[in-house]
$ cat target-v9.txt   # compact mmCIF, C-alpha atoms and all ligand atoms
# COMPACT_ATOMS: atom_id res chain seq x y z
CA MET Q 1 11.15 -21.57 45.83
CA SER Q 2 8.79 -19.45 43.74
CA ARG Q 3 5.21 -20.44 43.27
CA ALA Q 4 2.59 -18.86 41.06
CA ILE Q 5 -1.15 -19.21 41.48
CA VAL Q 6 -3.30 -18.23 38.50
CA LEU Q 7 -7.07 -18.09 38.92
CA VAL Q 8 -9.00 -17.70 35.67
CA LEU Q 9 -12.52 -16.35 36.13
CA ASP Q 10 -13.83 -17.78 32.87
CA SER Q 11 -15.50 -15.04 30.78
CA PHE Q 12 -15.05 -12.20 33.29
CA GLY Q 13 -14.30 -9.41 30.80
CA ILE Q 14 -13.94 -5.77 31.84
CA GLY Q 15 -14.90 -3.89 28.69
CA ALA Q 16 -14.74 -4.25 24.92
CA THR Q 17 -11.38 -4.45 23.16
CA PRO Q 18 -10.46 -1.82 20.55
CA ASP Q 19 -11.18 -4.43 17.83
CA ALA Q 20 -14.52 -5.58 19.32
CA GLU Q 21 -16.48 -4.08 16.41
CA ARG Q 22 -15.10 -6.83 14.16
CA PHE Q 23 -16.82 -9.39 16.43
CA GLY Q 24 -20.11 -7.46 16.77
CA ASP Q 25 -19.11 -6.74 20.37
CA ALA Q 26 -18.43 -2.99 20.46
CA GLY Q 27 -19.75 -1.80 23.83
CA ALA Q 28 -19.78 -5.21 25.51
CA ASP Q 29 -18.73 -5.05 29.16
CA THR Q 30 -19.32 -8.11 31.32
CA LEU Q 31 -18.42 -6.50 34.66
CA GLY Q 32 -19.86 -3.06 33.85
CA HIS Q 33 -23.22 -4.34 32.66
CA ILE Q 34 -23.62 -6.73 35.58
CA ALA Q 35 -22.81 -3.88 38.01
CA ALA Q 36 -25.29 -1.57 36.24
CA ALA Q 37 -28.09 -4.16 36.45
CA CYS Q 38 -27.31 -4.70 40.15
CA ALA Q 39 -27.34 -0.94 40.79
CA ARG Q 40 -30.79 -0.68 39.17
CA GLY Q 41 -32.09 -3.46 41.42
CA GLU Q 42 -32.54 -5.73 38.39
CA ALA Q 43 -30.27 -8.49 39.64
CA ASP Q 44 -31.92 -9.37 42.93
CA MET Q 45 -32.35 -13.06 43.47
CA PRO Q 46 -34.27 -14.76 46.26
CA ALA Q 47 -32.59 -17.44 48.33
CA GLY Q 48 -33.27 -20.90 46.96
CA PRO Q 49 -31.91 -24.43 46.79
CA ASP Q 50 -28.95 -23.18 44.71
CA GLY Q 51 -27.74 -20.52 47.10
CA PRO Q 52 -28.41 -17.73 49.54
CA GLY Q 53 -29.61 -15.24 46.91
CA ARG Q 54 -28.44 -11.65 46.56
CA ARG Q 55 -29.68 -8.04 46.56
CA GLY Q 56 -28.71 -4.55 45.46
CA PRO Q 57 -25.41 -3.14 44.17
CA LEU Q 58 -22.61 -5.51 43.21
CA ALA Q 59 -20.46 -6.09 46.30
CA LEU Q 60 -16.92 -7.34 45.58
CA PRO Q 61 -14.83 -5.84 48.39
CA ASN Q 62 -11.90 -8.24 48.12
CA LEU Q 63 -11.52 -8.06 44.35
CA ALA Q 64 -11.94 -4.28 44.69
CA ARG Q 65 -8.96 -4.11 47.07
CA LEU Q 66 -6.88 -5.95 44.47
CA GLY Q 67 -7.81 -3.20 42.00
CA LEU Q 68 -10.65 -4.76 39.98
CA PHE Q 69 -12.76 -1.60 39.70
CA HIS Q 70 -9.70 0.54 39.01
CA ALA Q 71 -8.72 -1.81 36.20
CA HIS Q 72 -12.26 -1.65 34.81
CA ARG Q 73 -12.19 2.14 34.91
CA GLU Q 74 -8.91 2.22 33.02
CA SER Q 75 -10.38 -0.17 30.46
CA THR Q 76 -13.71 1.64 29.89
CA GLY Q 77 -13.22 5.19 31.19
CA ASP Q 78 -15.95 4.87 33.84
CA TRP Q 79 -16.37 3.44 37.30
CA ALA Q 80 -18.72 0.46 37.37
CA GLU Q 81 -22.13 1.66 38.55
CA GLY Q 82 -23.06 1.40 42.20
CA VAL Q 83 -19.89 -0.28 43.40
CA GLU Q 84 -17.92 0.74 46.43
CA VAL Q 85 -14.48 1.96 45.39
CA PRO Q 86 -11.97 0.98 48.09
CA ALA Q 87 -9.97 3.60 49.98
CA GLU Q 88 -6.83 1.58 49.42
CA VAL Q 89 -5.78 -0.77 46.65
CA VAL Q 90 -3.24 -3.42 47.63
CA GLY Q 91 -2.83 -5.20 44.29
CA ALA Q 92 -1.13 -4.40 41.02
CA TYR Q 93 -3.94 -4.07 38.48
CA GLY Q 94 -4.21 -3.72 34.75
CA HIS Q 95 -6.33 -4.63 31.75
CA ALA Q 96 -5.16 -6.60 28.74
CA ARG Q 97 -6.38 -6.96 25.19
CA GLU Q 98 -6.13 -10.11 23.09
CA LEU Q 99 -3.74 -10.68 20.20
CA SER Q 100 -5.29 -14.00 19.24
CA SER Q 101 -7.72 -14.02 16.34
CA GLY Q 102 -10.58 -15.63 18.30
CA LYS Q 103 -12.49 -14.95 21.52
CA ASP Q 104 -12.62 -18.57 22.58
CA THR Q 105 -11.42 -20.33 25.72
CA PRO Q 106 -8.32 -22.11 24.35
CA SER Q 107 -7.05 -18.97 22.56
CA GLY Q 108 -7.52 -16.93 25.74
CA HIS Q 109 -5.82 -19.47 27.98
CA TRP Q 110 -2.94 -20.17 25.61
CA GLU Q 111 -2.28 -16.45 25.24
CA ILE Q 112 -2.35 -16.05 29.05
CA ALA Q 113 0.31 -18.77 29.07
CA GLY Q 114 2.45 -16.83 26.60
CA VAL Q 115 1.29 -18.30 23.28
CA PRO Q 116 -1.14 -16.17 21.24
CA VAL Q 117 -3.08 -17.85 18.43
CA ARG Q 118 -2.14 -15.89 15.31
CA PHE Q 119 -3.75 -18.21 12.77
CA ASP Q 120 -7.49 -18.28 12.07
CA TRP Q 121 -9.47 -21.15 13.49
CA GLY Q 122 -11.95 -22.95 11.29
CA TYR Q 123 -15.60 -22.15 11.99
CA PHE Q 124 -18.99 -23.47 10.94
CA PRO Q 125 -20.79 -20.17 10.28
CA GLU Q 126 -24.07 -21.51 8.81
CA ARG Q 127 -26.81 -21.26 11.44
CA GLU Q 128 -28.63 -24.33 10.06
CA GLN Q 129 -27.14 -27.35 8.28
CA SER Q 130 -23.88 -26.14 9.80
CA PHE Q 131 -21.67 -29.15 9.13
CA PRO Q 132 -20.50 -30.51 5.75
CA ASP Q 133 -22.29 -33.72 4.71
CA ALA Q 134 -18.95 -35.43 4.14
CA LEU Q 135 -17.96 -34.84 7.77
CA LEU Q 136 -21.25 -36.09 9.23
CA ASP Q 137 -21.37 -39.09 6.87
CA ALA Q 138 -17.86 -40.11 7.93
CA LEU Q 139 -18.76 -39.69 11.61
CA VAL Q 140 -21.92 -41.78 11.27
CA GLN Q 141 -20.06 -44.51 9.43
CA GLU Q 142 -16.93 -44.69 11.56
CA ALA Q 143 -18.78 -44.47 14.87
CA GLY Q 144 -21.53 -46.87 13.75
CA LEU Q 145 -24.30 -44.39 14.49
CA PRO Q 146 -27.90 -44.53 13.24
CA GLY Q 147 -27.40 -40.87 12.20
CA VAL Q 148 -27.08 -37.50 13.93
CA ILE Q 149 -29.58 -34.72 14.72
CA GLY Q 150 -29.18 -31.03 15.40
CA ASN Q 151 -26.58 -29.88 12.86
CA CYS Q 152 -27.03 -26.19 13.73
CA HIS Q 153 -25.90 -23.30 15.93
CA ALA Q 154 -27.48 -23.65 19.35
CA SER Q 155 -27.32 -23.03 23.04
CA GLY Q 156 -26.50 -26.32 24.74
CA THR Q 157 -29.33 -26.22 27.27
CA GLU Q 158 -31.91 -25.12 24.71
CA ILE Q 159 -30.99 -27.88 22.26
CA ILE Q 160 -31.28 -30.72 24.78
CA ALA Q 161 -34.68 -29.40 25.85
CA ARG Q 162 -35.73 -29.32 22.19
CA LEU Q 163 -34.09 -32.49 20.85
CA GLY Q 164 -33.35 -34.57 23.97
CA GLU Q 165 -36.43 -36.71 23.49
CA ALA Q 166 -35.75 -37.33 19.79
CA HIS Q 167 -32.20 -38.31 20.73
CA VAL Q 168 -33.30 -40.80 23.38
CA GLU Q 169 -35.81 -42.36 20.99
CA SER Q 170 -33.54 -42.56 17.95
CA GLY Q 171 -30.09 -43.08 19.50
CA LYS Q 172 -28.82 -40.31 17.20
CA PRO Q 173 -26.44 -37.93 19.02
CA ILE Q 174 -27.12 -34.18 18.89
CA VAL Q 175 -24.38 -32.25 17.08
CA TYR Q 176 -24.18 -28.45 17.25
CA THR Q 177 -21.81 -25.51 17.20
CA SER Q 178 -21.61 -21.82 18.12
CA ALA Q 179 -19.65 -18.69 17.17
CA ASP Q 180 -16.63 -20.51 18.61
CA SER Q 181 -14.47 -22.99 16.76
CA VAL Q 182 -16.27 -25.98 18.25
CA PHE Q 183 -18.00 -29.24 17.35
CA GLN Q 184 -20.21 -30.22 20.28
CA ILE Q 185 -21.89 -33.59 20.77
CA ALA Q 186 -24.70 -33.99 23.28
CA ALA Q 187 -25.93 -37.45 24.24
CA HIS Q 188 -27.77 -39.07 27.14
CA GLU Q 189 -25.38 -40.57 29.69
CA GLU Q 190 -27.54 -43.62 30.33
CA THR Q 191 -29.41 -44.42 27.12
CA PHE Q 192 -26.48 -43.60 24.82
CA GLY Q 193 -23.68 -44.19 27.33
CA LEU Q 194 -20.95 -41.90 28.57
CA GLU Q 195 -18.01 -43.96 27.30
CA ARG Q 196 -19.64 -44.29 23.91
CA LEU Q 197 -20.08 -40.52 23.76
CA TYR Q 198 -16.39 -40.06 24.54
CA GLN Q 199 -15.48 -42.56 21.80
CA VAL Q 200 -17.63 -40.71 19.26
CA CYS Q 201 -15.91 -37.46 20.29
CA GLU Q 202 -12.49 -39.01 19.72
CA ILE Q 203 -13.51 -40.10 16.24
CA ALA Q 204 -14.88 -36.60 15.56
CA ARG Q 205 -11.63 -35.07 16.82
CA ARG Q 206 -9.71 -37.05 14.21
CA LEU Q 207 -12.17 -36.35 11.38
CA LEU Q 208 -12.08 -32.62 12.13
CA GLU Q 209 -8.34 -32.29 11.61
CA PRO Q 210 -8.65 -30.83 8.08
CA TYR Q 211 -11.21 -28.29 9.31
CA ASN Q 212 -8.88 -26.65 11.87
CA ILE Q 213 -11.49 -26.77 14.63
CA GLY Q 214 -10.25 -25.86 18.11
CA ARG Q 215 -12.35 -28.18 20.21
CA VAL Q 216 -14.69 -31.12 20.21
CA ILE Q 217 -16.82 -31.07 23.37
CA ALA Q 218 -18.69 -34.02 24.86
CA ARG Q 219 -21.92 -32.74 26.43
CA PRO Q 220 -23.47 -35.62 28.37
CA PHE Q 221 -26.87 -35.13 29.95
CA VAL Q 222 -29.38 -37.07 32.04
CA GLY Q 223 -33.11 -36.80 32.66
CA GLU Q 224 -36.35 -37.81 31.09
CA LYS Q 225 -38.60 -36.78 28.28
CA GLY Q 226 -41.84 -34.87 28.80
CA VAL Q 227 -44.15 -36.37 31.37
CA GLY Q 228 -47.41 -34.53 30.73
CA GLU Q 229 -48.39 -30.91 31.15
CA LYS Q 230 -46.88 -28.73 33.85
CA GLY Q 231 -49.27 -27.16 36.33
CA VAL Q 232 -50.34 -23.50 36.25
CA GLY Q 233 -47.84 -21.25 38.00
CA GLU Q 234 -44.90 -23.56 37.51
CA LYS Q 235 -41.95 -22.48 35.43
CA GLY Q 236 -42.68 -23.56 31.87
CA ALA Q 237 -46.38 -24.03 32.65
CA GLY Q 238 -48.32 -25.55 29.79
CA LYS Q 239 -45.24 -27.07 28.21
CA ASN Q 240 -44.07 -30.63 28.32
CA ALA Q 241 -41.95 -30.99 31.44
CA THR Q 242 -38.66 -32.49 30.41
CA THR Q 243 -36.01 -32.94 33.09
CA PHE Q 244 -32.99 -33.04 30.80
CA ALA Q 245 -29.93 -31.55 32.49
CA ARG Q 246 -26.25 -31.59 31.64
CA THR Q 247 -23.85 -33.36 33.98
CA ALA Q 248 -20.34 -32.56 35.20
CA ASN Q 249 -18.92 -35.21 32.83
CA ARG Q 250 -18.35 -32.71 30.03
CA ARG Q 251 -15.05 -33.40 28.33
CA ASP Q 252 -13.13 -31.10 25.97
CA TYR Q 253 -10.89 -32.44 23.21
CA SER Q 254 -8.67 -29.53 22.31
CA VAL Q 255 -5.94 -29.41 19.70
CA GLU Q 256 -2.47 -28.76 21.11
CA PRO Q 257 -1.19 -25.21 21.61
CA PRO Q 258 0.88 -24.06 18.59
CA ALA Q 259 4.05 -23.58 20.70
CA PRO Q 260 5.24 -24.55 24.19
CA THR Q 261 3.32 -22.56 26.80
CA VAL Q 262 4.80 -21.40 30.08
CA LEU Q 263 3.16 -24.49 31.60
CA GLN Q 264 5.09 -26.72 29.22
CA ARG Q 265 8.33 -24.85 29.83
CA LEU Q 266 8.01 -25.13 33.61
CA HIS Q 267 7.05 -28.79 33.46
CA ASP Q 268 9.98 -29.60 31.13
CA ASP Q 269 12.34 -27.67 33.40
CA GLY Q 270 11.52 -29.87 36.39
CA GLY Q 271 8.84 -27.65 37.95
CA THR Q 272 5.34 -28.76 38.84
CA VAL Q 273 2.18 -27.65 37.05
CA VAL Q 274 -1.02 -28.35 38.96
CA ALA Q 275 -4.07 -28.04 36.67
CA ILE Q 276 -7.40 -27.65 38.45
CA GLY Q 277 -10.80 -28.00 36.78
CA LYS Q 278 -10.81 -27.64 32.99
CA ILE Q 279 -7.21 -26.42 32.75
CA ALA Q 280 -5.66 -29.72 31.62
CA ASP Q 281 -8.27 -30.20 28.88
CA ILE Q 282 -7.84 -26.61 27.66
CA TYR Q 283 -4.09 -27.10 27.21
CA ALA Q 284 -4.68 -30.52 25.59
CA HIS Q 285 -2.81 -32.08 28.55
CA CYS Q 286 0.46 -30.48 27.39
CA GLY Q 287 2.83 -29.48 30.19
CA ILE Q 288 0.59 -30.68 33.02
CA SER Q 289 2.18 -32.44 36.01
CA ARG Q 290 -0.96 -33.09 38.02
CA THR Q 291 -4.65 -32.83 37.12
CA VAL Q 292 -7.30 -32.17 39.75
CA LYS Q 293 -10.89 -32.41 38.56
CA ALA Q 294 -13.58 -30.57 40.46
CA SER Q 295 -17.03 -29.34 39.60
CA GLY Q 296 -18.64 -26.17 40.92
CA HIS Q 297 -16.87 -23.07 42.22
CA ASP Q 298 -16.75 -24.21 45.84
CA ALA Q 299 -15.06 -27.48 44.92
CA LEU Q 300 -12.68 -25.66 42.56
CA MET Q 301 -11.81 -23.21 45.32
CA ASP Q 302 -11.30 -26.04 47.84
CA ALA Q 303 -9.00 -27.85 45.40
CA THR Q 304 -7.02 -24.64 44.84
CA LEU Q 305 -6.62 -24.08 48.58
CA SER Q 306 -5.49 -27.62 49.14
CA ALA Q 307 -2.93 -27.35 46.31
CA MET Q 308 -1.64 -24.18 47.98
CA MET Q 309 -1.18 -26.09 51.24
CA ASP Q 310 0.94 -28.81 49.60
CA ALA Q 311 4.66 -28.81 50.20
CA GLY Q 312 6.36 -25.99 48.27
CA GLY Q 313 8.68 -26.37 45.32
CA ARG Q 314 8.78 -24.44 42.10
CA ARG Q 315 5.24 -24.71 40.85
CA LEU Q 316 2.35 -23.19 39.00
CA ILE Q 317 -1.16 -23.80 40.30
CA MET Q 318 -3.79 -22.85 37.73
CA THR Q 319 -7.55 -23.06 38.17
CA ASN Q 320 -10.38 -22.31 35.75
CA PHE Q 321 -13.67 -21.15 37.31
CA VAL Q 322 -15.95 -22.23 34.49
CA ASP Q 323 -19.41 -21.58 35.92
CA PHE Q 324 -19.17 -17.81 35.36
CA ASP Q 325 -19.17 -18.64 31.65
CA MET Q 326 -21.01 -21.92 31.28
CA VAL Q 327 -23.78 -21.52 33.85
CA HIS Q 328 -24.27 -17.72 33.80
CA GLY Q 329 -22.59 -15.97 30.85
CA HIS Q 330 -23.86 -18.17 28.02
CA ARG Q 331 -27.25 -18.45 29.72
CA ARG Q 332 -27.46 -14.63 29.93
CA ASP Q 333 -28.19 -14.98 33.64
CA VAL Q 334 -27.27 -11.61 35.18
CA PRO Q 335 -28.37 -12.26 38.81
CA GLY Q 336 -26.67 -15.66 38.78
CA TYR Q 337 -23.44 -14.16 37.43
CA ALA Q 338 -23.53 -11.42 40.09
CA ALA Q 339 -24.17 -13.94 42.86
CA ALA Q 340 -21.33 -16.17 41.61
CA LEU Q 341 -18.95 -13.20 41.61
CA GLU Q 342 -19.96 -12.22 45.12
CA HIS Q 343 -19.50 -15.79 46.30
CA PHE Q 344 -16.06 -16.00 44.68
CA ASP Q 345 -15.15 -12.69 46.29
CA ALA Q 346 -16.25 -13.91 49.71
CA ARG Q 347 -13.91 -16.89 49.41
CA LEU Q 348 -10.94 -14.92 48.13
CA PRO Q 349 -9.57 -14.16 51.65
CA GLU Q 350 -8.98 -17.91 52.05
CA VAL Q 351 -6.60 -17.75 49.08
CA LEU Q 352 -4.91 -14.61 50.37
CA ALA Q 353 -4.38 -16.21 53.78
CA ARG Q 354 -2.46 -19.08 52.18
CA LEU Q 355 -0.10 -16.93 50.14
CA ARG Q 356 3.56 -17.23 51.01
CA ASP Q 357 6.10 -14.42 50.74
CA ASP Q 358 7.50 -15.52 47.43
CA ASP Q 359 4.16 -16.45 45.80
CA LEU Q 360 2.76 -14.55 42.86
CA LEU Q 361 -1.05 -14.57 42.65
CA ILE Q 362 -2.76 -13.57 39.40
CA LEU Q 363 -6.50 -13.27 38.88
CA THR Q 364 -7.63 -12.92 35.32
CA ALA Q 365 -10.07 -14.06 32.61
CA ASP Q 366 -9.93 -15.57 29.12
CA HIS Q 367 -12.54 -13.50 27.20
CA GLY Q 368 -15.89 -11.86 27.97
CA CYS Q 369 -19.41 -13.30 28.02
CA ASP Q 370 -21.57 -10.28 28.77
CA PRO Q 371 -24.84 -11.66 30.13
CA THR Q 372 -26.72 -8.58 28.90
CA TRP Q 373 -25.50 -9.01 25.31
CA ALA Q 374 -27.55 -10.35 22.37
CA GLY Q 375 -27.23 -14.04 21.55
CA THR Q 376 -25.49 -16.57 23.76
CA ASP Q 377 -21.87 -16.31 22.64
CA HIS Q 378 -18.66 -14.91 24.13
CA THR Q 379 -17.86 -11.21 23.81
CA ARG Q 380 -14.49 -9.80 22.69
CA GLU Q 381 -13.31 -7.99 25.80
CA GLN Q 382 -10.29 -6.89 27.73
CA ILE Q 383 -9.42 -9.06 30.70
CA PRO Q 384 -8.51 -7.96 34.22
CA VAL Q 385 -4.94 -8.61 35.37
CA LEU Q 386 -4.90 -8.48 39.16
CA ALA Q 387 -1.57 -9.42 40.64
CA LEU Q 388 -0.35 -9.74 44.17
CA GLY Q 389 3.10 -10.93 45.09
CA GLY Q 390 5.67 -10.30 47.77
CA ARG Q 391 7.73 -7.94 45.70
CA LEU Q 392 5.21 -6.40 43.33
CA SER Q 393 4.09 -2.95 44.42
CA ALA Q 394 0.45 -1.85 44.45
CA GLY Q 395 -0.81 0.35 41.63
CA SER Q 396 -1.63 0.40 37.94
CA LEU Q 397 0.00 -1.89 35.42
CA GLY Q 398 -1.83 0.08 32.74
CA ALA Q 399 -3.12 -1.15 29.40
CA ARG Q 400 -1.41 -4.38 28.37
CA THR Q 401 -1.40 -5.10 24.65
CA THR Q 402 -1.53 -8.88 24.99
CA PHE Q 403 -2.67 -11.45 27.53
CA ALA Q 404 0.84 -12.90 27.00
CA ASP Q 405 2.20 -10.31 29.44
CA ILE Q 406 0.91 -12.71 32.08
CA GLY Q 407 2.86 -15.64 30.61
CA GLN Q 408 6.00 -13.53 30.34
CA SER Q 409 5.65 -12.44 33.97
CA LEU Q 410 5.13 -16.05 35.04
CA ALA Q 411 8.32 -17.03 33.17
CA VAL Q 412 10.24 -14.32 35.02
CA HIS Q 413 8.77 -15.26 38.37
CA LEU Q 414 9.40 -18.98 37.89
CA GLY Q 415 12.96 -18.51 36.65
CA LEU Q 416 12.39 -19.62 33.06
CA PRO Q 417 13.97 -18.23 29.88
CA PRO Q 418 11.84 -15.51 28.27
CA MET Q 419 8.78 -16.41 26.21
CA ASP Q 420 8.61 -15.16 22.60
CA ASP Q 421 5.59 -12.93 23.30
CA GLY Q 422 4.59 -10.50 26.00
CA MET Q 423 6.25 -8.05 28.33
CA SER Q 424 6.71 -8.88 31.98
CA PHE Q 425 5.12 -6.57 34.51
CA LEU Q 426 7.52 -7.81 37.17
CA ARG Q 427 10.73 -5.85 37.41
CA PRO Q 428 13.72 -8.21 37.69
CA ALA Q 429 14.27 -7.02 41.28
CA GLU Q 430 10.76 -8.23 42.04
CA THR Q 431 11.29 -11.79 40.91
CA GLY Q 432 11.36 -14.57 43.46
CA ASP Q 433 14.29 -16.81 44.38
CA HIS Q 434 14.55 -19.86 42.23
O1 LIG Q 501 -24.29 -23.40 24.90
P1 LIG Q 501 -23.22 -24.33 25.41
O2 LIG Q 501 -23.45 -25.77 25.05
O3 LIG Q 501 -22.96 -24.15 26.90
O4 LIG Q 501 -21.89 -24.00 24.61
C1 LIG Q 501 -21.05 -22.93 24.86
O5 LIG Q 501 -19.90 -23.48 25.41
C2 LIG Q 501 -18.95 -23.64 24.39
C3 LIG Q 501 -17.58 -23.65 24.98
O6 LIG Q 501 -17.30 -22.47 25.70
C4 LIG Q 501 -19.20 -22.48 23.48
O7 LIG Q 501 -18.78 -22.76 22.19
C5 LIG Q 501 -20.67 -22.28 23.55
O8 LIG Q 501 -21.28 -22.94 22.49
MN MN Q 502 -13.77 -19.44 28.55
MN MN Q 503 -17.82 -20.41 26.89

$ encode --input "target-v9.txt" --output "structure tokens"
Amino acid sequence: MSRAIVLVLDSFGIGATPDAERFGDAGADTLGHIAAACARGEADMPAGPDGPGRRGPLALPNLARLGLFHAHRESTGDWAEGVEVPAEVVGAYGHARELSSGKDTPSGHWEIAGVPVRFDWGYFPEREQSFPDALLDALVQEAGLPGVIGNCHASGTEIIARLGEAHVESGKPIVYTSADSVFQIAAHEETFGLERLYQVCEIARRLLEPYNIGRVIARPFVGEKGVGEKGVGEKGAGKNATTFARTANRRDYSVEPPAPTVLQRLHDDGGTVVAIGKIADIYAHCGISRTVKASGHDALMDATLSAMMDAGGRRLIMTNFVDFDMVHGHRRDVPGYAAALEHFDARLPEVLARLRDDDLLILTADHGCDPTWAGTDHTREQIPVLALGGRLSAGSLGARTTFADIGQSLAVHLGLPPMDDGMSFLRPAETGDH
């Protein structure tokens, strides 16, 4: 029975799309710019409590053997700087551009699953006073809040450092947005309460219906307000030392995909869809047979491996590795992104060792988030398509004109009727037994 394993490296773009100019992203290249910084020795990181550190050129030998650097070269025209190009490539590799109108996570994932987003999302483009009064008034009234603060474009970590204390003192949640179609609500897990935050998000989800907003995101945090001056030499010396930090209890309230995804089709056809990490939230819980929550790339990898060890059956296992984006991309943390990639690469052989003959493995991404780029938002980029399966031969899959080629290939592999969008890169002779 065919199985497919799809690993989404959230935000791991491999070069700007032809339409990147429209997004202010011409020249963005998440992989290329990380590799260049590593080659220049600008992404060294000492060992610390968070990991073993890293040094020198970007080392991704296992992804390289699947064709990552070849795919990047076909996308951008150049080899990534300082990387070791493997003598032999064993994977089928390509790069894909996005048909969807946005460069956000749901659009990217839905298109990967065969359903591009052709309509325009609603956005809140004003940097300050971003949300309509009518919306905030209704939220305050329906949720019984003393008010809200924030109401601007912001980076989530910056805004809790800046407004966390005011939030704790006033009980007013922090509302903010970004270049994405999002309404984000940050609140303290203990003083405000996690369940209450989720309830407020559900009310916001309903109130946002007329605005066509893709996601409401609950951003719980913990920690304390400033406790005096920090000592000389410490990070943030001279500033009030707040300890506000976000927790793993983030929750995304997405609208439903506009058409049945390949996940939905498999689930409805009696197959099993195992959603690991944020996947279930991203697909608004549509077409999910089993949800496995895990936080951090090691736990996400462990959950993926254990799902691969489960008894067979026609199934899709899909995992989102969110820290590339959330912890490193948006925070413009080049050394951290490089270290996370190297760590992922080092664990990849564990996945390869668990592949069965009729499995199809696909590694890909949902958009870019170039950590060397201005601002803190995503970047409109091509995604890598690295595929390995019993009957797929090694070599280039070329330039794919939509992420939906992945969904179409999954439909073929899993024995489903064709999706409306995308072209399969599996030849019929290469499909598994159903
Ligand atoms: O800065 P933080 O809160 O991480 O938010 C980022 O994460 C959101 C979802 O990807 C994006 O819209 C961006 O605003
Ligand atoms: Mn994403
Ligand atoms: Mn993001």

$ atom_distance --input "target-v9.txt" --atom1 "atom CA of Phe344 of chain Q" --atom2 "atom CA of Pro52 of chain Q"
13.4 Å

$ closest_residue --input "target-v9.txt" --among "Q:His378, Q:Lys225, Q:Leu361, Q:Thr242" --to "Phe324 of chain Q" --atoms "only C-alpha atoms"
Q:His378

$ residues_near_ligand --input "target-v9.txt" --ligand "ligand MN 502 (chain Q)" --cutoff "6 Å" --atoms "all atoms listed in the file" --output "PyMOL selection string"
chain Q and resi 10-11+105+366

$ residues_near_ligand --input "target-v9.txt" --ligand "ligand LIG 501 (chain Q)" --cutoff "10 Å" --atoms "all atoms listed in the file" --output "ChimeraX atom specification"
/Q:10-11,103-106,153-160,176-186,214-219,246,250,252,322,325-331,369,376-378

$ write_last_selection --input "target-v9.txt" --atoms "C-alpha atoms" --output "tab-separated table (two decimals), keeping the file's coordinate frame"
chain	number	residue	atom	x	y	z
Q	10	ASP	CA	-13.83	-17.78	32.87
Q	11	SER	CA	-15.50	-15.04	30.78
Q	103	LYS	CA	-12.49	-14.95	21.52
Q	104	ASP	CA	-12.62	-18.57	22.58
Q	105	THR	CA	-11.42	-20.33	25.72
Q	106	PRO	CA	-8.32	-22.11	24.35
Q	153	HIS	CA	-25.90	-23.30	15.93
Q	154	ALA	CA	-27.48	-23.65	19.35
Q	155	SER	CA	-27.32	-23.03	23.04
Q	156	GLY	CA	-26.50	-26.32	24.74
Q	157	THR	CA	-29.33	-26.22	27.27
Q	158	GLU	CA	-31.91	-25.12	24.71
Q	159	ILE	CA	-30.99	-27.88	22.26
Q	160	ILE	CA	-31.28	-30.72	24.78
Q	176	TYR	CA	-24.18	-28.45	17.25
Q	177	THR	CA	-21.81	-25.51	17.20
Q	178	SER	CA	-21.61	-21.82	18.12
Q	179	ALA	CA	-19.65	-18.69	17.17
Q	180	ASP	CA	-16.63	-20.51	18.61
Q	181	SER	CA	-14.47	-22.99	16.76
Q	182	VAL	CA	-16.27	-25.98	18.25
Q	183	PHE	CA	-18.00	-29.24	17.35
Q	184	GLN	CA	-20.21	-30.22	20.28
Q	185	ILE	CA	-21.89	-33.59	20.77
Q	186	ALA	CA	-24.70	-33.99	23.28
Q	214	GLY	CA	-10.25	-25.86	18.11
Q	215	ARG	CA	-12.35	-28.18	20.21
Q	216	VAL	CA	-14.69	-31.12	20.21
Q	217	ILE	CA	-16.82	-31.07	23.37
Q	218	ALA	CA	-18.69	-34.02	24.86
Q	219	ARG	CA	-21.92	-32.74	26.43
Q	246	ARG	CA	-26.25	-31.59	31.64
Q	250	ARG	CA	-18.35	-32.71	30.03
Q	252	ASP	CA	-13.13	-31.10	25.97
Q	322	VAL	CA	-15.95	-22.23	34.49
Q	325	ASP	CA	-19.17	-18.64	31.65
Q	326	MET	CA	-21.01	-21.92	31.28
Q	327	VAL	CA	-23.78	-21.52	33.85
Q	328	HIS	CA	-24.27	-17.72	33.80
Q	329	GLY	CA	-22.59	-15.97	30.85
Q	330	HIS	CA	-23.86	-18.17	28.02
Q	331	ARG	CA	-27.25	-18.45	29.72
Q	369	CYS	CA	-19.41	-13.30	28.02
Q	376	THR	CA	-25.49	-16.57	23.76
Q	377	ASP	CA	-21.87	-16.31	22.64
Q	378	HIS	CA	-18.66	-14.91	24.13

$ atom_distance --input "target-v9.txt" --atom1 "atom CA of Arg206 of chain Q" --atom2 "atom CA of Gln129 of chain Q"
20.8 Å

$ residues_around --input "target-v9.txt" --residues "segment 58-60 of chain Q" --least-positions-apart "2" --cutoff "12 Å" --atoms "all atoms listed in the file" --output "number ranges by chain"
Q: 31-44, 54-56, 62-69, 80-86, 334-349

$ closest_residue --input "target-v9.txt" --among "Q:Asp323, Q:Glu165, Q:Asp358, Q:Asp133" --to "ligand MN 503 (chain Q)" --atoms "only C-alpha atoms and all ligand atoms"
Q:Asp323

$ residues_near_point --input "target-v9.txt" --point "(-9.7, -22.9, 32.7)" --cutoff "6 Å" --atoms "only C-alpha atoms" --output "ChimeraX atom specification"
/Q:278-279,319-320
